[in-house]
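In what follows, a structure is listed as structure tokens, so that the remarks can point back to it.
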Amino acid sequence: MFKSQTAKIAVVCAVLAAVAIVVPNTNSFLILLATRILAFSILVMSLDILLGYTGLPSLGQAAYLGVGAYATAILASKYQFGFGYDFWLVVVIGVVLAAALAAVFGLLAIRATGVYFLMITLALGQCVWGLAYRWNSLTGGDNGINVRGRPQFFGLDLANEITFFYVVFGFFAASLLVMFVLVRSPFGRSLAGIRERELRMQILGYNTWLHKYIAFIIAGAFGGLSGVLWAHTAGIVSPENVIITTSVDAILMAVLGGAGTLIGGVIGTTIVIGLREYLSTLVPWWQYVLGAVYVLTILYLPSGLMGIPERIRQRGSESGKTKVGKTEDQEKLASAAS
Amino acid sequence: MTTIMNKGMRPLLLGGCIALGLAPLSNASAEELRIGFLAPTTGIFAQIGKDMVNGFQMYLDENKGAFGGADVKFIVEDTVGKPDTAVTKAKKLVLQDKVHMFMGGLLASTGYALAPVSTAEKTVYLSPVAAADDLTQRQLDKYPYFVRTGFSSSQPSHPEGQWACDQGYKTAVTIGADYAFGYEVIGGFQKAFEACGGKVVQKIWPPIGTKDFGPYIPTIKRDADIIFTLMVGPMSLQFPKQLRAAGFNKPVLGGGTSYDEFVLPFMGDEVIGHVSALQYSAALETPKNEAFVKKYREKYGKVPSYYSESNYTTAQMIDEVIKKNNGKFPGAEDFVKQMSAVEIDAVRGPVKLDESRNPVHNIYIKKIEKKKMFGYDKEELWNTVIKTYKNVDQFGQFDKAEFLKQPVYSRDYPPCKYCQ
């Protein structure tokens with residue numbers, strides 16, 4: 001197990017390094033796309049903590065992206081705040097506001113599970129959308145807010161797409177690392193335990209409500225970070241960013257790549273944004289490809305694209321008849337942790 | 001199992017191969033004019049997007065794909081109706097395809113999202129449809145590369161309000177989609193109507209996309225002389241039906257999109273007699289328009305809407321500028337300057353731009369009639385022009401300086417003084 005774990009980490013690091021080296025040498029549209037993918041991936045990974053590790057299918061994750069993005073846009077457009085070193089303050093504000101919102105929403109949502117949790121988070125997400133849409137004086141309503149210009153600090157000018165890509169890449173890599181450490185920590189393991197069987201964890205003496213609540217807030221905080229970056233990436237923040245389809249997109253991306261793997265979410269995001277925003281510039285039938293990817297993944301790879309190596313291994317062990325009697329639960333736990 | 005796995009992977013691989021293999025290389029040649037076009041070609045607004053593209057394409061085809069000797073490379077990108085996708089695609093057009101100009105965008109929000117891209121990338125942005133008022137009003141200075149060739153939302157409403165007064169109507173109830181375009185169209189009507197003595201006594205804002213007006217219609221004050229509506233898309237079809245079913249017989253006026261030719265063919269006889277205002281009607285009785293309608297209908301199987309006309313005319317305007325430069329693109333700044341000076345005799349009538357780069361053109365007051373037109377043998381609904389206000393600019397009957405002092409029309413502006 002340990003060996004394959006190290007190998008996996010090595011692969012991820014190698015791919016990230018390759019991305020950091022290759023992307024800036026491609027054309028500027030691809031750099032822009034890569035930046036968008038990285039910024040949105042943080043949201044998808046944050047959702048994965050809930051969906052994949054804790055078993056909480058949140059349908060309102062876009063709300064936290066929205067809080068971070070709107071905070072950035074409002075500070076920038078109304079107060080010209082966040083264009084220098086104070087950008088870091090904006091990051092903190094975005095993260096804290098999103099975490100605070102998650103703390104409030106969590107109180108309401110965490111009591112529910114399964115489809116009820118889904119519906120409560122959906123409703124709460126829609127509240128945020130309603131505010132964004134109707135609070136004209138603050139959010140600009142349907143028109144949204146344009147974020148003009150990007151921050152400059154340490155002699156870095158983020159208006160340069162390559163510099164900005166590296167900054168977003170840095171945030172992305174740091175988020176990935178923090179979340180990875182989190183899910184492998186005892187806290188992360190107990191989240192997986194809650195996902196598998198909450199009652200058992202309660203009997204073992206865990207305060208499962210508190211665990212879920214904290215996970216919810218952490219996910220919200222990362223959502224806020226994603227939002228701050230998104231506002232500067234897209235240059236516009238509008239109710240479209242907090243609308244239900246954005247939340248659904250995030251879920252689809254996480255599931256497509258493989259929930260409970262973190263990296264799966266990144267792969268899912270890459271595929272969906274890649275198809276939607278790159279393939280669509282090449283062929284008019286990109287939607288069929290996207291649809292086919294969704295359907296086929298759900299039919300044949302219920303554990304997402306990240307399940308492919310696992311399936312190959314399974315087939316190998318099946319044919320060699322060396323499969324040892326692991327219970328399904330153990331297996332899931334193991335794959336969740338890896 | 002292997003086959004199943006392969007099946008699952010195949011589209012992915014295919015997609016990947018296409019993505020990698022077909023990466024377009026932009027090779028710039030002097031005689032090529034690259035125009036990027038942003039329209040929703042998928043999603044709920046896909047049909048309108050198609051009308052937009054068709055209008056432009058038709059002019060291009062008529063001119064054998066060239067403007068003033070320059071071959072036009074016309075690149076259509078899908079915005080999916082989302083502002084931030086529109087921004088990404090606009091950047092793609094500018095950065096990867098190196099377009100000389102990009103145009104399009106449907107919703108007001110898309111217009112507001114795209115205009116800053118033009119400023120940041122120093123690339124011309126033409127807006128044939130996105131009508132957001134402020135782009136050519138209070139925020140004009142921020143967007144030096146922006147030219148509007150369609151209309152600003154409230155532009156047709158100003159004459160329409162005046163027209164309502166002229167008919168002797170005293171009181172009105174407004175009911176309109178709850179978003180920026182709705183505020184601006186209704187705000188313009190209210191300002192004009194109240195300036196000539198009318199009173200708006202009630203304003204109702206159903207959310208955009210409302211399909212059941214059951215909760216709203218009974219609240220309409222029945223003693224008002226007229227109803228002014230602003231609907232978009234499917235809302236346009238549903239509202240008149242339910243209004244008629246509720247036994248409402250007062251005159252109905254509307255913003256252009258409530259009855260434009262995009263929705264008109266799908267409407268029933270209940271809309272006969274309804275009045276709207278816009279810079280274009282397919283029933284405009286000029287030889288130019290008759291030829292346009294016939295040709296468009298033959299080519300695309302439907303009557304052109306203002307979405308088509310506006311893009312056709314925009315193509316004509318670009319052509320005009322490029323011709324003057326003997327097939328060369330004069331650079332963004334000069335292009336904007338020359339574009340602002342263009343005066344053409346378009347399908348919709350004479351068009352020129354004011355100093356804020358917004359069109360000055362005729363506004364037609366149109367009444368829906370069922371009749372035969374242009375030699376078609378079936379009785380159809382047409383937006384018959386009953387009055388023409390000539391050469392109307394975006395400020396209409398109001399003084400520009402004073403107009404710009406007031407805030408942009410919104411849900412709360414103008415305030416409803418006569419509402420109880």
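Chain labels run A, B, ... following the order of the structure tokens; each chain numbers its residues from 1, and ligands are numbered from 1 in the order shown.
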
Which parts of range 94-316 of chain A does DSSP call strand (DSSP E) when run on the backbone here, written out as a PyMOL selection string?
chain A and resi 145-146+152-153+156-157+236-237

Spatial neighbours of Asn207 in chain A, 12 Å, only C-alpha atoms, chain gap at least 4 places, as a PDB file with N, CA and C atoms, in the first residue's frame:
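Result went into part-v3.pdb, see below:
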ATOM      1  N   PHE A 187      -8.268  13.265  11.650  1.00  0.00           N
ATOM      2  CA  PHE A 187      -9.550  13.929  11.419  1.00  0.00           C
ATOM      3  C   PHE A 187     -10.161  13.465  10.100  1.00  0.00           C
ATOM      4  N   SER A 190     -11.482   9.991  10.299  1.00  0.00           N
ATOM      5  CA  SER A 190     -12.766   9.845  10.979  1.00  0.00           C
ATOM      6  C   SER A 190     -13.908  10.348  10.097  1.00  0.00           C
ATOM      7  N   LEU A 191     -13.599  11.324   9.203  1.00  0.00           N
ATOM      8  CA  LEU A 191     -14.627  11.735   8.234  1.00  0.00           C
ATOM      9  C   LEU A 191     -15.022  10.544   7.360  1.00  0.00           C
ATOM     10  N   GLY A 193     -14.754   7.521   8.143  1.00  0.00           N
ATOM     11  CA  GLY A 193     -15.513   6.617   9.014  1.00  0.00           C
ATOM     12  C   GLY A 193     -16.973   7.020   9.086  1.00  0.00           C
ATOM     13  N   ILE A 194     -17.203   8.330   9.195  1.00  0.00           N
ATOM     14  CA  ILE A 194     -18.577   8.839   9.250  1.00  0.00           C
ATOM     15  C   ILE A 194     -19.306   8.525   7.952  1.00  0.00           C
ATOM     16  N   GLU A 198     -22.021   6.172  10.140  1.00  0.00           N
ATOM     17  CA  GLU A 198     -21.985   7.222  11.149  1.00  0.00           C
ATOM     18  C   GLU A 198     -22.278   6.659  12.539  1.00  0.00           C
ATOM     19  N   LEU A 199     -23.236   5.732  12.597  1.00  0.00           N
ATOM     20  CA  LEU A 199     -23.636   5.172  13.888  1.00  0.00           C
ATOM     21  C   LEU A 199     -22.452   4.517  14.589  1.00  0.00           C
ATOM     22  N   ARG A 200     -21.672   3.789  13.802  1.00  0.00           N
ATOM     23  CA  ARG A 200     -20.516   3.098  14.377  1.00  0.00           C
ATOM     24  C   ARG A 200     -19.550   4.106  14.994  1.00  0.00           C
ATOM     25  N   MET A 201     -19.349   5.209  14.272  1.00  0.00           N
ATOM     26  CA  MET A 201     -18.440   6.230  14.776  1.00  0.00           C
ATOM     27  C   MET A 201     -18.976   6.852  16.057  1.00  0.00           C
ATOM     28  N   GLN A 202     -20.296   7.022  16.097  1.00  0.00           N
ATOM     29  CA  GLN A 202     -20.898   7.593  17.314  1.00  0.00           C
ATOM     30  C   GLN A 202     -20.686   6.650  18.483  1.00  0.00           C
ATOM     31  N   ILE A 203     -20.885   5.363  18.220  1.00  0.00           N
ATOM     32  CA  ILE A 203     -20.719   4.387  19.295  1.00  0.00           C
ATOM     33  C   ILE A 203     -19.280   4.362  19.770  1.00  0.00           C
ATOM     34  N   HIS A 211     -17.541  16.833  13.711  1.00  0.00           N
ATOM     35  CA  HIS A 211     -16.638  16.489  12.613  1.00  0.00           C
ATOM     36  C   HIS A 211     -17.192  16.996  11.283  1.00  0.00           C
ATOM     37  N   LYS A 212     -18.465  16.718  11.073  1.00  0.00           N
ATOM     38  CA  LYS A 212     -19.078  17.122   9.804  1.00  0.00           C
ATOM     39  C   LYS A 212     -19.124  18.648   9.695  1.00  0.00           C
ATOM     40  N   TYR A 213     -19.435  19.280  10.829  1.00  0.00           N
ATOM     41  CA  TYR A 213     -19.546  20.737  10.850  1.00  0.00           C
ATOM     42  C   TYR A 213     -18.208  21.372  10.484  1.00  0.00           C
ATOM     43  N   ILE A 214     -17.140  20.842  11.087  1.00  0.00           N
ATOM     44  CA  ILE A 214     -15.816  21.403  10.797  1.00  0.00           C
ATOM     45  C   ILE A 214     -15.443  21.164   9.334  1.00  0.00           C
TER      46      ILE A 214
END

Using only C-alpha atoms, determine which residues lie at most 9 Å from Pro284 in chain A, disregarding the query and same-chain residues fewer than 5 positions distant; provide the list as a PyMOL selection string.
(chain A and resi 279) or (chain B and resi 41+78)

Generate a file of the selected residues that holds C-alpha atoms, formatted as a compact mmCIF listing (two decimals), in the first residue's frame.
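This is the output file part_22.txt:
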# COMPACT_ATOMS: atom_id res chain seq x y z
CA LEU A 279 -13.48 21.65 -27.74
CA THR B 41 -25.40 28.61 -30.07
CA ASP B 78 -20.58 29.77 -28.31

Chain A residues within 6 Å of chain B, counting only C-alpha atoms: which ones, as a PyMOL selection string?
chain A and resi 29+143+296

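Contact shell of Phe105 in chain A at 10 Å (only C-alpha atoms; same-chain neighbours under 6 positions omitted): Gly60, Ala99, Ile120, Thr121, Leu124, Gly125, Tyr213, Phe216, Ile217 and Gly220 of chain A.
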
Those residues you just picked out, can you put them in a file as a PDB file, in the first residue's frame with C-alpha atoms?
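Ended up saving to result.pdb:
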ATOM      1  CA  GLY A  60     -24.770  24.643  -2.810  1.00  0.00           C
ATOM      2  CA  ALA A  99     -16.000  30.057   6.163  1.00  0.00           C
ATOM      3  CA  ILE A 120     -31.120  22.096   2.343  1.00  0.00           C
ATOM      4  CA  THR A 121     -27.795  22.993   0.747  1.00  0.00           C
ATOM      5  CA  LEU A 124     -29.268  27.815   1.031  1.00  0.00           C
ATOM      6  CA  GLY A 125     -27.281  28.112  -2.181  1.00  0.00           C
ATOM      7  CA  TYR A 213     -19.546  20.737  10.850  1.00  0.00           C
ATOM      8  CA  PHE A 216     -18.281  21.830   6.120  1.00  0.00           C
ATOM      9  CA  ILE A 217     -16.544  25.019   7.260  1.00  0.00           C
ATOM     10  CA  GLY A 220     -16.493  26.583   2.585  1.00  0.00           C
TER      11      GLY A 220
END

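Proximity of B:Pro144, B:Gly396, B:Gly161, B:Pro207 to Ser118 in chain B, computed with only C-alpha atoms, is greatest for B:Pro144.
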
Determine which residues of range 30-127 of chain B DSSP labels as alpha helix (DSSP H) from the backbone of this structure, then write them out as a VMD selection string.
chain B and resid 46 to 62 83 to 95 108 to 121

Which neighbours of Phe164 in chain A fall inside 10 Å, counting only C-alpha atoms, when residues of the same chain fewer than 3 positions from it are skipped, and could you give them as a JSON list (two decimals) with N, CA and C atoms, in the first residue's frame?
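File out-v6.json, as written:
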[["chain", "number", "residue", "atom", "x", "y", "z"],
["A", 31, "ILE", "N", -3.25, 29.17, -21.67],
["A", 31, "ILE", "CA", -2.83, 29.59, -20.33],
["A", 31, "ILE", "C", -4.05, 30.05, -19.54],
["A", 32, "LEU", "N", -4.90, 30.82, -20.22],
["A", 32, "LEU", "CA", -6.11, 31.31, -19.58],
["A", 32, "LEU", "C", -7.00, 30.15, -19.14],
["A", 35, "THR", "N", -5.59, 28.41, -16.18],
["A", 35, "THR", "CA", -5.80, 29.19, -14.97],
["A", 35, "THR", "C", -7.22, 28.99, -14.45],
["A", 150, "ARG", "N", -5.69, 43.71, -12.32],
["A", 150, "ARG", "CA", -5.32, 42.69, -11.37],
["A", 150, "ARG", "C", -4.25, 43.24, -10.45],
["A", 151, "PRO", "N", -4.06, 42.59, -9.29],
["A", 151, "PRO", "CA", -3.13, 43.13, -8.30],
["A", 151, "PRO", "C", -1.67, 43.14, -8.78],
["A", 156, "LEU", "N", 5.54, 41.82, -8.89],
["A", 156, "LEU", "CA", 4.82, 40.95, -9.81],
["A", 156, "LEU", "C", 3.59, 41.68, -10.32],
["A", 157, "ASP", "N", 3.39, 41.61, -11.62],
["A", 157, "ASP", "CA", 2.18, 42.20, -12.18],
["A", 157, "ASP", "C", 1.27, 41.07, -12.64],
["A", 158, "LEU", "N", 0.17, 40.87, -11.91],
["A", 158, "LEU", "CA", -0.69, 39.74, -12.21],
["A", 158, "LEU", "C", -1.49, 39.94, -13.49],
["A", 159, "ALA", "N", -1.43, 41.15, -14.05],
["A", 159, "ALA", "CA", -2.12, 41.36, -15.32],
["A", 159, "ALA", "C", -1.46, 40.53, -16.41],
["A", 160, "ASN", "N", -0.19, 40.19, -16.18],
["A", 160, "ASN", "CA", 0.49, 39.28, -17.09],
["A", 160, "ASN", "C", -0.08, 37.87, -16.87],
["A", 161, "GLU", "N", -0.60, 37.29, -17.95],
["A", 161, "GLU", "CA", -1.32, 36.01, -17.81],
["A", 161, "GLU", "C", -0.41, 34.90, -17.25],
["A", 167, "VAL", "N", 0.67, 32.30, -10.02],
["A", 167, "VAL", "CA", 0.09, 32.61, -8.71],
["A", 167, "VAL", "C", -1.07, 31.66, -8.40],
["A", 168, "VAL", "N", -1.96, 31.50, -9.39],
["A", 168, "VAL", "CA", -3.08, 30.60, -9.19],
["A", 168, "VAL", "C", -2.57, 29.17, -8.99],
["A", 169, "PHE", "N", -1.55, 28.82, -9.76],
["A", 169, "PHE", "CA", -0.95, 27.50, -9.63],
["A", 169, "PHE", "C", -0.43, 27.29, -8.20],
["A", 170, "GLY", "N", 0.21, 28.33, -7.68],
["A", 170, "GLY", "CA", 0.72, 28.25, -6.31],
["A", 170, "GLY", "C", -0.39, 28.02, -5.31],
["A", 229, "LEU", "N", -9.86, 33.84, -6.42],
["A", 229, "LEU", "CA", -9.05, 33.64, -7.63],
["A", 229, "LEU", "C", -9.93, 33.72, -8.88],
["A", 232, "HIS", "N", -10.65, 37.24, -10.21],
["A", 232, "HIS", "CA", -9.57, 37.84, -10.99],
["A", 232, "HIS", "C", -9.33, 37.10, -12.29],
["A", 233, "THR", "N", -9.63, 35.79, -12.30],
["A", 233, "THR", "CA", -9.44, 35.02, -13.53],
["A", 233, "THR", "C", -10.45, 35.44, -14.58]]
